[in-house]
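Novice: Next comes the structure file protein_21.csv, holding CSV, C-alpha atoms.
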```
chain,number,residue,atom,x,y,z
A,1,MET,CA,-36.3,-96.2,157.6
A,2,ALA,CA,-39.6,-94.5,156.7
A,3,ARG,CA,-40.8,-95.1,153.2
A,4,GLN,CA,-40.2,-91.6,152.0
A,5,SER,CA,-36.7,-91.3,153.5
A,6,MET,CA,-35.8,-94.7,152.0
A,7,ARG,CA,-36.8,-93.4,148.6
A,8,GLU,CA,-34.8,-90.2,149.1
A,9,ALA,CA,-31.8,-92.3,150.2
A,10,ILE,CA,-32.1,-94.3,147.0
A,11,VAL,CA,-32.3,-91.2,144.8
A,12,ASP,CA,-29.3,-89.6,146.5
A,13,ALA,CA,-27.3,-92.8,146.2
A,14,ALA,CA,-28.3,-93.1,142.5
A,15,VAL,CA,-27.1,-89.6,141.7
A,16,ALA,CA,-23.7,-90.3,143.3
A,17,GLN,CA,-23.4,-93.8,141.7
A,18,PHE,CA,-24.5,-92.8,138.2
A,19,HIS,CA,-22.4,-89.7,138.3
A,20,SER,CA,-19.2,-91.4,139.4
A,21,LYS,CA,-19.6,-94.8,137.6
A,22,GLY,CA,-21.9,-94.2,134.7
A,23,TYR,CA,-25.3,-95.7,134.0
A,24,ASN,CA,-24.3,-99.3,133.0
A,25,ALA,CA,-21.6,-99.7,135.6
A,26,ALA,CA,-23.9,-98.6,138.5
A,27,GLY,CA,-26.1,-101.5,139.3
A,28,VAL,CA,-29.2,-101.5,141.3
A,29,LYS,CA,-27.4,-103.4,144.1
A,30,ASP,CA,-24.6,-100.8,144.1
A,31,ILE,CA,-27.2,-98.1,144.5
A,32,THR,CA,-29.2,-99.9,147.3
A,33,ASP,CA,-25.9,-100.8,149.1
A,34,ALA,CA,-24.8,-97.2,148.9
A,35,ALA,CA,-28.2,-96.1,150.2
A,36,GLY,CA,-28.0,-98.6,153.0
A,37,VAL,CA,-31.4,-100.2,152.1
A,38,PRO,CA,-32.2,-103.8,151.1
A,39,LYS,CA,-32.0,-104.5,147.4
A,40,GLY,CA,-35.5,-106.0,147.6
A,41,SER,CA,-36.9,-102.6,148.6
A,42,PHE,CA,-35.9,-101.0,145.3
A,43,TYR,CA,-38.9,-102.1,143.4
A,44,ASN,CA,-41.2,-100.7,146.1
A,45,HIS,CA,-40.1,-97.3,145.0
A,46,PHE,CA,-39.1,-97.5,141.3
A,47,ASP,CA,-40.3,-99.6,138.3
A,48,SER,CA,-36.8,-99.9,136.9
A,49,LYS,CA,-33.3,-98.6,137.0
A,50,GLU,CA,-34.2,-96.5,134.0
A,51,SER,CA,-37.0,-94.7,135.8
A,52,LEU,CA,-34.8,-94.1,138.8
A,53,ALA,CA,-32.2,-92.6,136.4
A,54,LEU,CA,-34.7,-90.1,135.2
A,55,VAL,CA,-35.4,-89.0,138.8
A,56,ALA,CA,-31.7,-88.9,139.5
A,57,LEU,CA,-31.2,-86.7,136.3
A,58,ASP,CA,-33.7,-84.2,137.6
A,59,ARG,CA,-32.2,-84.2,141.0
A,60,TYR,CA,-28.7,-83.7,139.6
A,61,GLY,CA,-29.9,-80.9,137.3
A,62,ALA,CA,-31.6,-79.1,140.2
A,63,ALA,CA,-28.3,-79.0,142.1
A,64,ARG,CA,-26.4,-77.3,139.3
A,65,ARG,CA,-27.6,-73.8,140.3
A,66,ILE,CA,-29.1,-73.2,136.9
A,67,HIS,CA,-31.6,-70.8,138.4
A,68,GLU,CA,-28.7,-68.5,139.4
A,69,LEU,CA,-28.4,-67.7,135.7
A,70,ALA,CA,-31.5,-65.5,136.0
A,71,GLU,CA,-30.7,-63.8,139.3
A,72,PRO,CA,-30.5,-60.1,139.1
A,73,GLY,CA,-27.8,-58.0,140.8
A,74,VAL,CA,-24.8,-59.3,138.8
A,75,ALA,CA,-24.1,-58.4,135.2
A,76,PRO,CA,-25.4,-61.2,133.0
A,77,LEU,CA,-22.1,-62.2,131.4
A,78,ALA,CA,-20.4,-62.2,134.8
A,79,ARG,CA,-23.3,-64.4,136.1
A,80,LEU,CA,-22.8,-66.8,133.2
A,81,ARG,CA,-19.0,-66.9,133.8
A,82,ALA,CA,-19.6,-67.5,137.5
A,83,HIS,CA,-22.0,-70.4,136.6
A,84,PHE,CA,-19.4,-72.2,134.6
A,85,GLU,CA,-16.7,-71.4,137.2
A,86,PHE,CA,-18.9,-73.1,139.8
A,87,LEU,CA,-19.2,-76.2,137.5
A,88,ARG,CA,-15.5,-76.2,136.7
A,89,GLY,CA,-14.9,-76.1,140.5
A,90,GLU,CA,-16.9,-79.2,140.9
A,91,THR,CA,-14.9,-81.2,138.4
A,92,VAL,CA,-11.6,-79.9,139.7
A,93,ALA,CA,-12.6,-80.8,143.3
A,94,ALA,CA,-13.3,-84.3,142.0
A,95,ASP,CA,-9.8,-84.5,140.5
A,96,PHE,CA,-11.0,-84.0,137.0
A,97,THR,CA,-13.5,-86.9,137.1
A,98,ARG,CA,-17.2,-87.4,136.7
A,99,GLY,CA,-18.0,-84.5,134.5
A,100,CYS,CA,-21.7,-83.7,133.9
A,101,MET,CA,-24.3,-86.4,134.5
A,102,ILE,CA,-26.5,-85.0,131.8
A,103,GLY,CA,-23.8,-85.2,129.2
A,104,ASN,CA,-22.6,-88.6,130.4
A,105,PHE,CA,-26.1,-90.0,130.1
A,106,GLY,CA,-26.3,-88.4,126.6
A,107,ALA,CA,-23.1,-90.1,125.5
A,108,GLU,CA,-23.7,-93.4,127.1
A,109,ILE,CA,-27.5,-94.1,127.2
A,110,ALA,CA,-29.5,-91.7,125.1
A,111,ASP,CA,-29.2,-94.0,122.0
A,112,HIS,CA,-30.6,-96.9,124.0
A,113,SER,CA,-33.3,-95.5,126.2
A,114,GLU,CA,-36.0,-93.3,124.9
A,115,THR,CA,-36.9,-92.3,128.5
A,116,ILE,CA,-33.3,-91.1,129.2
A,117,ARG,CA,-32.9,-89.5,125.8
A,118,THR,CA,-36.0,-87.4,126.4
A,119,GLY,CA,-34.8,-86.5,129.9
A,120,VAL,CA,-31.4,-85.5,128.6
A,121,ARG,CA,-33.0,-83.4,125.9
A,122,ALA,CA,-35.3,-81.7,128.3
A,123,SER,CA,-32.4,-81.0,130.7
A,124,LEU,CA,-30.2,-79.5,128.0
A,125,ALA,CA,-33.1,-77.4,126.6
A,126,HIS,CA,-34.0,-75.9,130.0
A,127,TRP,CA,-30.3,-75.1,130.7
A,128,ALA,CA,-29.8,-73.6,127.3
A,129,SER,CA,-32.9,-71.4,127.7
A,130,MET,CA,-31.5,-70.0,131.0
A,131,ILE,CA,-28.2,-69.3,129.3
A,132,SER,CA,-30.1,-67.7,126.4
A,133,GLY,CA,-31.9,-65.4,128.9
A,134,ALA,CA,-28.6,-64.2,130.3
A,135,LEU,CA,-27.3,-63.5,126.8
A,136,ALA,CA,-30.4,-61.6,125.8
A,137,GLU,CA,-30.0,-59.4,128.9
A,138,ALA,CA,-26.3,-58.8,128.0
A,139,GLN,CA,-27.4,-57.7,124.5
A,140,GLN,CA,-30.0,-55.4,126.0
A,141,SER,CA,-27.4,-53.7,128.2
A,142,GLY,CA,-25.0,-53.4,125.2
A,143,ASP,CA,-22.5,-55.9,126.7
A,144,LEU,CA,-22.9,-58.4,123.9
A,145,ARG,CA,-22.8,-58.1,120.1
A,146,ALA,CA,-26.4,-57.5,118.9
A,147,ASP,CA,-25.9,-59.8,115.8
A,148,LEU,CA,-25.6,-63.0,117.8
A,149,ASP,CA,-28.6,-65.3,117.9
A,150,THR,CA,-28.9,-65.7,121.7
A,151,GLU,CA,-30.8,-69.1,121.5
A,152,ARG,CA,-28.4,-70.6,119.1
A,153,THR,CA,-25.3,-69.2,120.8
A,154,ALA,CA,-26.6,-70.5,124.2
A,155,ARG,CA,-27.1,-74.0,122.9
A,156,PHE,CA,-23.6,-73.9,121.3
A,157,VAL,CA,-22.0,-72.7,124.5
A,158,LEU,CA,-23.7,-75.4,126.5
A,159,ASN,CA,-22.7,-78.1,124.0
A,160,ALA,CA,-19.1,-76.7,124.0
A,161,TRP,CA,-19.2,-77.0,127.8
A,162,GLU,CA,-20.2,-80.7,127.7
A,163,GLY,CA,-17.4,-81.5,125.3
A,164,THR,CA,-15.0,-79.4,127.4
A,165,LEU,CA,-15.7,-81.7,130.4
A,166,ILE,CA,-14.8,-84.8,128.3
A,167,ALA,CA,-11.5,-83.2,127.4
A,168,ALA,CA,-10.8,-82.0,130.9
A,169,ARG,CA,-11.4,-85.5,132.2
A,170,SER,CA,-9.3,-87.2,129.6
A,171,GLY,CA,-6.5,-84.7,130.1
A,172,ARG,CA,-6.8,-84.5,133.9
A,173,SER,CA,-5.9,-80.9,133.6
A,174,ASP,CA,-7.3,-77.3,133.4
A,175,GLU,CA,-6.3,-76.9,129.8
A,176,ALA,CA,-9.8,-77.6,128.3
A,177,PHE,CA,-11.4,-75.3,130.9
A,178,ASP,CA,-8.9,-72.5,130.0
A,179,ASP,CA,-9.7,-73.1,126.4
A,180,PHE,CA,-13.4,-72.8,127.1
A,181,PHE,CA,-13.3,-69.6,129.2
A,182,ASP,CA,-10.8,-67.9,127.0
A,183,THR,CA,-12.6,-68.6,123.8
A,184,VAL,CA,-16.2,-68.2,125.0
A,185,PHE,CA,-15.7,-65.1,127.1
A,186,GLY,CA,-12.7,-63.6,125.4
A,187,THR,CA,-13.8,-64.1,121.8
A,188,LEU,CA,-17.3,-65.4,121.2
A,189,LEU,CA,-19.1,-63.3,123.8
A,190,ALA,CA,-16.5,-60.5,123.8
A,191,PRO,CA,-17.9,-57.0,124.3
A,192,PRO,CA,-18.8,-55.3,121.0
A,193,HIS,CA,-16.3,-52.5,121.2
A,194,THR,CA,-13.0,-54.2,122.2
A,195,PRO,CA,-10.4,-55.3,119.6
A,196,ALA,CA,-10.9,-58.9,120.8
A,197,ALA,CA,-14.4,-58.9,119.2
A,198,GLY,CA,-12.8,-58.6,115.7
A,199,ARG,CA,-11.8,-55.9,113.3
A,200,SER,CA,-13.8,-54.6,110.4
B,201,MET,CA,-9.8,-118.3,109.9
B,202,ALA,CA,-6.1,-117.4,109.8
B,203,ARG,CA,-4.7,-115.9,113.0
B,204,GLN,CA,-4.2,-112.4,111.6
B,205,SER,CA,-7.6,-112.3,109.9
B,206,MET,CA,-9.2,-113.5,113.1
B,207,ARG,CA,-7.6,-110.6,115.0
B,208,GLU,CA,-8.7,-108.2,112.3
B,209,ALA,CA,-12.3,-109.5,112.5
B,210,ILE,CA,-12.2,-109.0,116.3
B,211,VAL,CA,-11.0,-105.4,116.0
B,212,ASP,CA,-13.5,-104.5,113.3
B,213,ALA,CA,-16.3,-106.0,115.4
B,214,ALA,CA,-15.0,-104.2,118.5
B,215,VAL,CA,-15.2,-100.8,116.7
B,216,ALA,CA,-18.8,-101.4,115.7
B,217,GLN,CA,-19.9,-102.8,119.0
B,218,PHE,CA,-18.1,-100.2,121.2
B,219,HIS,CA,-19.4,-97.4,118.9
B,220,SER,CA,-23.0,-98.5,118.9
B,221,LYS,CA,-23.4,-99.8,122.4
B,222,GLY,CA,-20.7,-98.2,124.5
B,223,TYR,CA,-17.8,-99.8,126.4
B,224,ASN,CA,-19.6,-101.4,129.3
B,225,ALA,CA,-22.6,-102.6,127.3
B,226,ALA,CA,-20.4,-104.3,124.6
B,227,GLY,CA,-19.2,-107.6,126.2
B,228,VAL,CA,-16.4,-109.7,124.9
B,229,LYS,CA,-18.9,-112.3,123.8
B,230,ASP,CA,-20.9,-109.7,121.9
B,231,ILE,CA,-17.7,-108.8,120.1
B,232,THR,CA,-16.6,-112.4,119.3
B,233,ASP,CA,-20.1,-113.3,118.2
B,234,ALA,CA,-20.2,-110.3,115.9
B,235,ALA,CA,-16.7,-111.2,114.6
B,236,GLY,CA,-17.9,-114.8,114.0
B,237,VAL,CA,-15.1,-116.2,116.1
B,238,PRO,CA,-15.2,-118.5,119.2
B,239,LYS,CA,-15.2,-116.5,122.5
B,240,GLY,CA,-12.3,-118.7,123.6
B,241,SER,CA,-10.1,-117.3,120.8
B,242,PHE,CA,-10.3,-113.8,122.2
B,243,TYR,CA,-7.4,-114.1,124.7
B,244,ASN,CA,-5.1,-115.5,122.0
B,245,HIS,CA,-5.2,-112.0,120.6
B,246,PHE,CA,-5.8,-109.6,123.4
B,247,ASP,CA,-4.9,-109.4,127.1
B,248,SER,CA,-8.2,-107.8,128.0
B,249,LYS,CA,-11.2,-105.9,126.7
B,250,GLU,CA,-9.4,-102.8,127.8
B,251,SER,CA,-6.4,-103.5,125.5
B,252,LEU,CA,-8.8,-104.3,122.6
B,253,ALA,CA,-10.6,-101.0,123.3
B,254,LEU,CA,-7.4,-99.1,122.8
B,255,VAL,CA,-6.7,-100.8,119.5
B,256,ALA,CA,-10.3,-100.1,118.5
B,257,LEU,CA,-10.0,-96.5,119.4
B,258,ASP,CA,-6.9,-96.1,117.1
B,259,ARG,CA,-8.8,-97.9,114.3
B,260,TYR,CA,-11.8,-95.7,114.7
B,261,GLY,CA,-9.6,-92.5,114.7
B,262,ALA,CA,-7.8,-93.6,111.6
B,263,ALA,CA,-11.1,-93.8,109.7
B,264,ARG,CA,-12.2,-90.3,110.6
B,265,ARG,CA,-10.2,-88.8,107.7
B,266,ILE,CA,-8.3,-86.5,110.0
B,267,HIS,CA,-5.3,-86.5,107.6
B,268,GLU,CA,-7.6,-84.6,105.1
B,269,LEU,CA,-7.3,-81.6,107.4
B,270,ALA,CA,-3.7,-81.2,106.1
B,271,GLU,CA,-4.4,-81.8,102.4
B,272,PRO,CA,-3.5,-78.9,100.1
B,273,GLY,CA,-5.7,-77.8,97.2
B,274,VAL,CA,-8.7,-76.7,99.3
B,275,ALA,CA,-8.8,-73.5,101.4
B,276,PRO,CA,-8.1,-74.4,105.0
B,277,LEU,CA,-11.4,-73.3,106.5
B,278,ALA,CA,-13.3,-75.0,103.7
B,279,ARG,CA,-11.3,-78.1,104.5
B,280,LEU,CA,-12.2,-77.8,108.1
B,281,ARG,CA,-15.8,-77.3,107.4
B,282,ALA,CA,-15.8,-80.3,105.0
B,283,HIS,CA,-14.2,-82.4,107.7
B,284,PHE,CA,-17.0,-81.7,110.2
B,285,GLU,CA,-19.6,-82.1,107.4
B,286,PHE,CA,-18.3,-85.6,106.8
B,287,LEU,CA,-18.6,-86.4,110.5
B,288,ARG,CA,-22.0,-84.9,110.7
B,289,GLY,CA,-23.0,-87.0,107.8
B,290,GLU,CA,-21.9,-90.2,109.6
B,291,THR,CA,-24.2,-89.3,112.6
B,292,VAL,CA,-27.1,-88.4,110.4
B,293,ALA,CA,-26.7,-91.6,108.4
B,294,ALA,CA,-26.9,-93.5,111.8
B,295,ASP,CA,-30.2,-91.7,112.6
B,296,PHE,CA,-28.5,-89.4,115.1
B,297,THR,CA,-27.0,-92.3,117.2
B,298,ARG,CA,-23.5,-93.4,118.1
B,299,GLY,CA,-21.7,-90.0,118.0
B,300,CYS,CA,-17.9,-90.1,118.3
B,301,MET,CA,-16.3,-93.1,119.9
B,302,ILE,CA,-13.4,-91.0,121.2
B,303,GLY,CA,-15.8,-88.7,123.1
B,304,ASN,CA,-18.0,-91.6,124.2
B,305,PHE,CA,-15.0,-93.4,125.7
B,306,GLY,CA,-14.0,-90.1,127.3
B,307,ALA,CA,-17.4,-89.7,128.9
B,308,GLU,CA,-17.9,-93.3,130.0
B,309,ILE,CA,-14.6,-94.9,130.7
B,310,ALA,CA,-11.7,-92.3,131.0
B,311,ASP,CA,-12.3,-92.0,134.7
B,312,HIS,CA,-12.0,-95.7,135.3
B,313,SER,CA,-9.2,-96.9,132.9
B,314,GLU,CA,-5.9,-95.1,132.8
B,315,THR,CA,-5.2,-97.0,129.5
B,316,ILE,CA,-8.3,-95.7,127.8
B,317,ARG,CA,-8.0,-92.2,129.4
B,318,THR,CA,-4.5,-91.9,127.9
B,319,GLY,CA,-5.8,-93.2,124.5
B,320,VAL,CA,-8.6,-90.6,124.5
B,321,ARG,CA,-6.3,-87.8,125.4
B,322,ALA,CA,-3.8,-88.8,122.7
B,323,SER,CA,-6.6,-89.1,120.1
B,324,LEU,CA,-8.0,-85.7,121.0
B,325,ALA,CA,-4.5,-84.1,121.0
B,326,HIS,CA,-3.6,-85.4,117.5
B,327,TRP,CA,-7.0,-84.3,116.1
B,328,ALA,CA,-6.7,-80.9,117.7
B,329,SER,CA,-3.2,-80.5,116.3
B,330,MET,CA,-4.5,-81.2,112.8
B,331,ILE,CA,-7.3,-78.6,113.2
B,332,SER,CA,-4.7,-76.1,114.6
B,333,GLY,CA,-2.6,-76.6,111.5
B,334,ALA,CA,-5.6,-75.7,109.3
B,335,LEU,CA,-6.3,-72.6,111.4
B,336,ALA,CA,-2.7,-71.5,111.2
B,337,GLU,CA,-2.8,-71.8,107.4
B,338,ALA,CA,-6.0,-69.8,107.3
B,339,GLN,CA,-4.3,-67.1,109.4
B,340,GLN,CA,-1.4,-67.0,107.0
B,341,SER,CA,-3.6,-66.6,104.0
B,342,GLY,CA,-5.6,-63.8,105.8
B,343,ASP,CA,-8.8,-65.8,106.0
B,344,LEU,CA,-8.8,-65.9,109.8
B,345,ARG,CA,-8.4,-63.3,112.5
B,346,ALA,CA,-4.7,-63.0,113.4
B,347,ASP,CA,-5.4,-62.6,117.1
B,348,LEU,CA,-6.8,-66.1,117.6
B,349,ASP,CA,-4.6,-68.6,119.4
B,350,THR,CA,-4.8,-71.4,116.8
B,351,GLU,CA,-4.0,-74.2,119.3
B,352,ARG,CA,-6.4,-73.1,121.9
B,353,THR,CA,-9.1,-72.4,119.3
B,354,ALA,CA,-8.6,-75.8,117.7
B,355,ARG,CA,-9.0,-77.6,121.0
B,356,PHE,CA,-12.1,-75.6,121.8
B,357,VAL,CA,-13.7,-76.3,118.4
B,358,LEU,CA,-13.0,-80.0,118.8
B,359,ASN,CA,-14.4,-80.0,122.3
B,360,ALA,CA,-17.5,-78.1,121.1
B,361,TRP,CA,-17.9,-80.8,118.4
B,362,GLU,CA,-17.9,-83.6,121.0
B,363,GLY,CA,-20.6,-81.8,123.0
B,364,THR,CA,-22.5,-81.1,119.8
B,365,LEU,CA,-22.7,-84.8,119.1
B,366,ILE,CA,-24.2,-85.4,122.6
B,367,ALA,CA,-26.9,-82.8,121.9
B,368,ALA,CA,-27.6,-84.0,118.4
B,369,ARG,CA,-28.1,-87.6,119.7
B,370,SER,CA,-30.3,-86.5,122.6
B,371,GLY,CA,-32.3,-84.2,120.3
B,372,ARG,CA,-32.3,-86.6,117.3
B,373,SER,CA,-32.2,-83.6,115.1
B,374,ASP,CA,-29.9,-81.3,113.1
B,375,GLU,CA,-30.3,-78.4,115.5
B,376,ALA,CA,-27.1,-78.9,117.4
B,377,PHE,CA,-25.2,-79.4,114.1
B,378,ASP,CA,-26.7,-76.1,112.8
B,379,ASP,CA,-25.7,-74.4,116.0
B,380,PHE,CA,-22.1,-75.7,115.6
B,381,PHE,CA,-21.6,-74.7,112.0
B,382,ASP,CA,-23.3,-71.4,112.3
B,383,THR,CA,-21.4,-70.3,115.4
B,384,VAL,CA,-18.0,-71.8,114.6
B,385,PHE,CA,-17.8,-70.8,110.9
B,386,GLY,CA,-20.2,-67.8,111.0
B,387,THR,CA,-18.8,-66.1,114.1
B,388,LEU,CA,-15.8,-67.7,115.8
B,389,LEU,CA,-13.8,-68.4,112.7
B,390,ALA,CA,-15.5,-65.6,110.6
B,391,PRO,CA,-13.2,-63.8,108.1
B,392,PRO,CA,-11.5,-60.7,109.6
B,393,HIS,CA,-13.2,-58.2,107.4
B,394,THR,CA,-16.9,-59.1,107.4
B,395,PRO,CA,-19.4,-57.5,109.8
B,396,ALA,CA,-20.0,-61.0,111.3
B,397,ALA,CA,-16.6,-60.9,112.8
B,398,GLY,CA,-17.6,-58.1,115.1
B,399,ARG,CA,-17.6,-54.3,115.1
B,400,SER,CA,-15.1,-52.0,116.5
```
Starting from the file, lay out its structure as structure tokens.

Specialist:
Amino acid sequence: MARQSMREAIVDAAVAQFHSKGYNAAGVKDITDAAGVPKGSFYNHFDSKESLALVALDRYGAARRIHELAEPGVAPLARLRAHFEFLRGETVAADFTRGCMIGNFGAEIADHSETIRTGVRASLAHWASMISGALAEAQQSGDLRADLDTERTARFVLNAWEGTLIAARSGRSDEAFDDFFDTVFGTLLAPPHTPAAGRS
Amino acid sequence: MARQSMREAIVDAAVAQFHSKGYNAAGVKDITDAAGVPKGSFYNHFDSKESLALVALDRYGAARRIHELAEPGVAPLARLRAHFEFLRGETVAADFTRGCMIGNFGAEIADHSETIRTGVRASLAHWASMISGALAEAQQSGDLRADLDTERTARFVLNAWEGTLIAARSGRSDEAFDDFFDTVFGTLLAPPHTPAAGRS
């Protein structure tokens, strides 16, 4: 296997292993076995499991279609809903397991690895900024209450999503997803002029 | 050490070890060392690390003052806010580490242990039911919009809290907490008659 393709195979295997098992439970040998490369080749490509995890985190984030949050042609709140529906579909397809690798690393490893903590923080910040952009567009088009702080609301919605995944996995059901979609899109981000947005 | 006090020492040490290190990183020997008991004594008290983890989860949950959500004498939404302020204080006091053991187990282990998954689900369900009770009281006293489904909203708020802890830990700052309190109490659970509850 060529050097570059061996590295790619290790990264792909790491994403799958870290995502399904977690950071501590996925050993270097699990990853090299899954990649079909000798364990000894690992350190030709990566300094440590930790540095591989950071690359895997970026690879994972890049596949979450976060860029679609900024694509024109679909109304911004519909785009945001479609984004979370795509992510929900991933978890449902995995029988309500795995969740989000970014959140999983945040819960399991951020306290213990400054490298991974910084990576998780950057991933969440980028993701939240893309959500915030969609919310700001929705405000400009009058589809969202003007009094919401879009940056704060975007971070909150993303954090709520990460917690929703924990509940969906522990419940092995759609309940937590239904709670998220109903509350976020039906109440928090409800259009300014419907009764669901509150009464004054 | 008497048998019962040895068991208690193991459980107390397990709560601290699981909470600070996570499930996989906290080994049986770490726990017995922290408890000051011989490793060999562990299996006199517990069948497995997994069964100890379930006991530790209950012990952890019991110390989270969840019962205070039902205590009369304080307005229900003030009670709910005080509850989350208490929990926020725990994380701040730990320099933005550790988070919630229930959520951590949900993210790290629920996929891999039916015992722990069921324990996490039960812990979240009990907690959400107590939050729902406070929300229902708030509706009865006119402090909360009558159109909110209190059970669904309670689960959503709890899930949002679990995700907030992940972001607070990865950011090592109050930002995620501020996002939570501002959005949950300033918008989602805002009083029915203030402008912040929306315009119609």

Novice: Residues within 8 Å of A:Asp179, please, as a PDB file with C-alpha atoms, in the frame of the given file. Count all atoms listed in the file; anything in the same chain fewer than 5 positions from it doesn't count.

Specialist:
```pdb
ATOM      1  CA  ARG B 352      -6.400 -73.100 121.900  1.00  0.00           C
ATOM      2  CA  THR B 353      -9.100 -72.400 119.300  1.00  0.00           C
ATOM      3  CA  ARG B 355      -9.000 -77.600 121.000  1.00  0.00           C
ATOM      4  CA  PHE B 356     -12.100 -75.600 121.800  1.00  0.00           C
TER       5      PHE B 356
END
```

Novice: Can I get the residues of chain B within 7 Å of chain A, each with the closest pair of atoms and their distance in Å to one decimal, using only C-alpha atoms, sorted chain first then ascending number, as a Markdown table?

Specialist:
```
| residue | atom | partner | partner_atom | distance |
| --- | --- | --- | --- | --- |
| B:Gly222 | CA | A:Glu108 | CA | 6.2 |
| B:Asn224 | CA | A:Asn24 | CA | 6.3 |
| B:Ala225 | CA | A:Asn24 | CA | 6.8 |
| B:Thr297 | CA | A:Asp111 | CA | 5.5 |
| B:Arg298 | CA | A:Asp111 | CA | 6.9 |
| B:Gly303 | CA | A:Ile166 | CA | 6.6 |
| B:Asn304 | CA | A:Ala107 | CA | 5.5 |
| B:Gly306 | CA | A:Ile166 | CA | 5.5 |
| B:Ala307 | CA | A:Asn104 | CA | 5.5 |
| B:Glu308 | CA | A:Gly22 | CA | 6.2 |
| B:Ala310 | CA | A:Ser170 | CA | 5.8 |
| B:Asp311 | CA | A:Thr97 | CA | 5.8 |
| B:Arg317 | CA | A:Ser170 | CA | 5.2 |
| B:Thr318 | CA | A:Ser170 | CA | 6.9 |
| B:Val320 | CA | A:Ser170 | CA | 6.2 |
| B:Arg321 | CA | A:Ser170 | CA | 5.2 |
| B:Arg352 | CA | A:Asp179 | CA | 5.6 |
| B:Thr353 | CA | A:Thr183 | CA | 6.9 |
| B:Phe356 | CA | A:Asp179 | CA | 5.8 |
| B:Asn359 | CA | A:Gly163 | CA | 4.5 |
| B:Ala360 | CA | A:Ala160 | CA | 3.6 |
| B:Trp361 | CA | A:Gly163 | CA | 7.0 |
| B:Glu362 | CA | A:Gly163 | CA | 4.8 |
| B:Gly363 | CA | A:Gly163 | CA | 4.0 |
| B:Thr364 | CA | A:Asn159 | CA | 5.2 |
| B:Ile366 | CA | A:Gly106 | CA | 5.4 |
| B:Ala367 | CA | A:Asn159 | CA | 6.6 |
| B:Arg369 | CA | A:Asp111 | CA | 6.9 |
| B:Ser370 | CA | A:Arg117 | CA | 5.1 |
| B:Gly371 | CA | A:Arg121 | CA | 5.7 |
| B:Asp379 | CA | A:Arg152 | CA | 5.6 |
| B:Phe380 | CA | A:Phe156 | CA | 6.2 |
| B:Thr383 | CA | A:Thr153 | CA | 6.8 |
| B:Leu388 | CA | A:Leu188 | CA | 6.1 |
| B:Pro392 | CA | A:Arg199 | CA | 6.1 |
| B:His393 | CA | A:Ser200 | CA | 4.7 |
| B:Thr394 | CA | A:Ser200 | CA | 6.2 |
| B:Pro395 | CA | A:Ser200 | CA | 6.3 |
| B:Ala397 | CA | A:Gly198 | CA | 5.3 |
| B:Gly398 | CA | A:Gly198 | CA | 4.9 |
| B:Arg399 | CA | A:Ser200 | CA | 6.1 |
| B:Ser400 | CA | A:His193 | CA | 4.9 |
```

Novice: Could you name the residues that touch B:Met330 at 8 Å or less, counting only C-alpha atoms, but leaving out those on the same chain fewer than 4 positions away, as a PDB file with C-alpha atoms, in the coordinates of the input?

Specialist:
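Saved file out.pdb follows:
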```pdb
ATOM      1  CA  ILE B 266      -8.300 -86.500 110.000  1.00  0.00           C
ATOM      2  CA  HIS B 267      -5.300 -86.500 107.600  1.00  0.00           C
ATOM      3  CA  LEU B 269      -7.300 -81.600 107.400  1.00  0.00           C
ATOM      4  CA  ALA B 270      -3.700 -81.200 106.100  1.00  0.00           C
ATOM      5  CA  HIS B 326      -3.600 -85.400 117.500  1.00  0.00           C
ATOM      6  CA  ALA B 334      -5.600 -75.700 109.300  1.00  0.00           C
TER       7      ALA B 334
END
```

Novice: Kindly give the distance, in Å, that separates atom CA of B:Ile210 and atom CA of B:Ile231, rounded to a single decimal.

Specialist: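 The value is 6.7 Å.
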
Novice: Could you state the separation of atom CA of A:Glu8 and atom CA of A:Glu90 in Å, given to one decimal place?

Specialist: 22.6 Å

Novice: Pick out the closest residue to A:Arg81 from this set: A:Val37, A:Leu57, A:Leu135, A:Ala93. Count all atoms listed in the file.

Specialist: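 Of the candidates, the smallest distance to A:Arg81 is held by A:Leu135.
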
Novice: For atom CA of B:Ala214 and atom CA of B:Gly240, determine how far apart the two atoms are, in Å to one decimal place.

Specialist: 15.6 Å

Novice: Starting from the point (-31.0, -90.5, 147.1), work out which residues of protein, DNA or RNA have an atom no more than 12 Å away when counting only C-alpha atoms; state them as a CSV table (one decimal) with C-alpha atoms, in the coordinates of the input.

Specialist:
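As a result, point_9.csv now contains:
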```
chain,number,residue,atom,x,y,z
A,4,GLN,CA,-40.2,-91.6,152.0
A,5,SER,CA,-36.7,-91.3,153.5
A,6,MET,CA,-35.8,-94.7,152.0
A,7,ARG,CA,-36.8,-93.4,148.6
A,8,GLU,CA,-34.8,-90.2,149.1
A,9,ALA,CA,-31.8,-92.3,150.2
A,10,ILE,CA,-32.1,-94.3,147.0
A,11,VAL,CA,-32.3,-91.2,144.8
A,12,ASP,CA,-29.3,-89.6,146.5
A,13,ALA,CA,-27.3,-92.8,146.2
A,14,ALA,CA,-28.3,-93.1,142.5
A,15,VAL,CA,-27.1,-89.6,141.7
A,16,ALA,CA,-23.7,-90.3,143.3
A,17,GLN,CA,-23.4,-93.8,141.7
A,18,PHE,CA,-24.5,-92.8,138.2
A,31,ILE,CA,-27.2,-98.1,144.5
A,32,THR,CA,-29.2,-99.9,147.3
A,33,ASP,CA,-25.9,-100.8,149.1
A,34,ALA,CA,-24.8,-97.2,148.9
A,35,ALA,CA,-28.2,-96.1,150.2
A,36,GLY,CA,-28.0,-98.6,153.0
A,37,VAL,CA,-31.4,-100.2,152.1
A,42,PHE,CA,-35.9,-101.0,145.3
A,45,HIS,CA,-40.1,-97.3,145.0
A,52,LEU,CA,-34.8,-94.1,138.8
A,53,ALA,CA,-32.2,-92.6,136.4
A,55,VAL,CA,-35.4,-89.0,138.8
A,56,ALA,CA,-31.7,-88.9,139.5
A,57,LEU,CA,-31.2,-86.7,136.3
A,58,ASP,CA,-33.7,-84.2,137.6
A,59,ARG,CA,-32.2,-84.2,141.0
A,60,TYR,CA,-28.7,-83.7,139.6
```
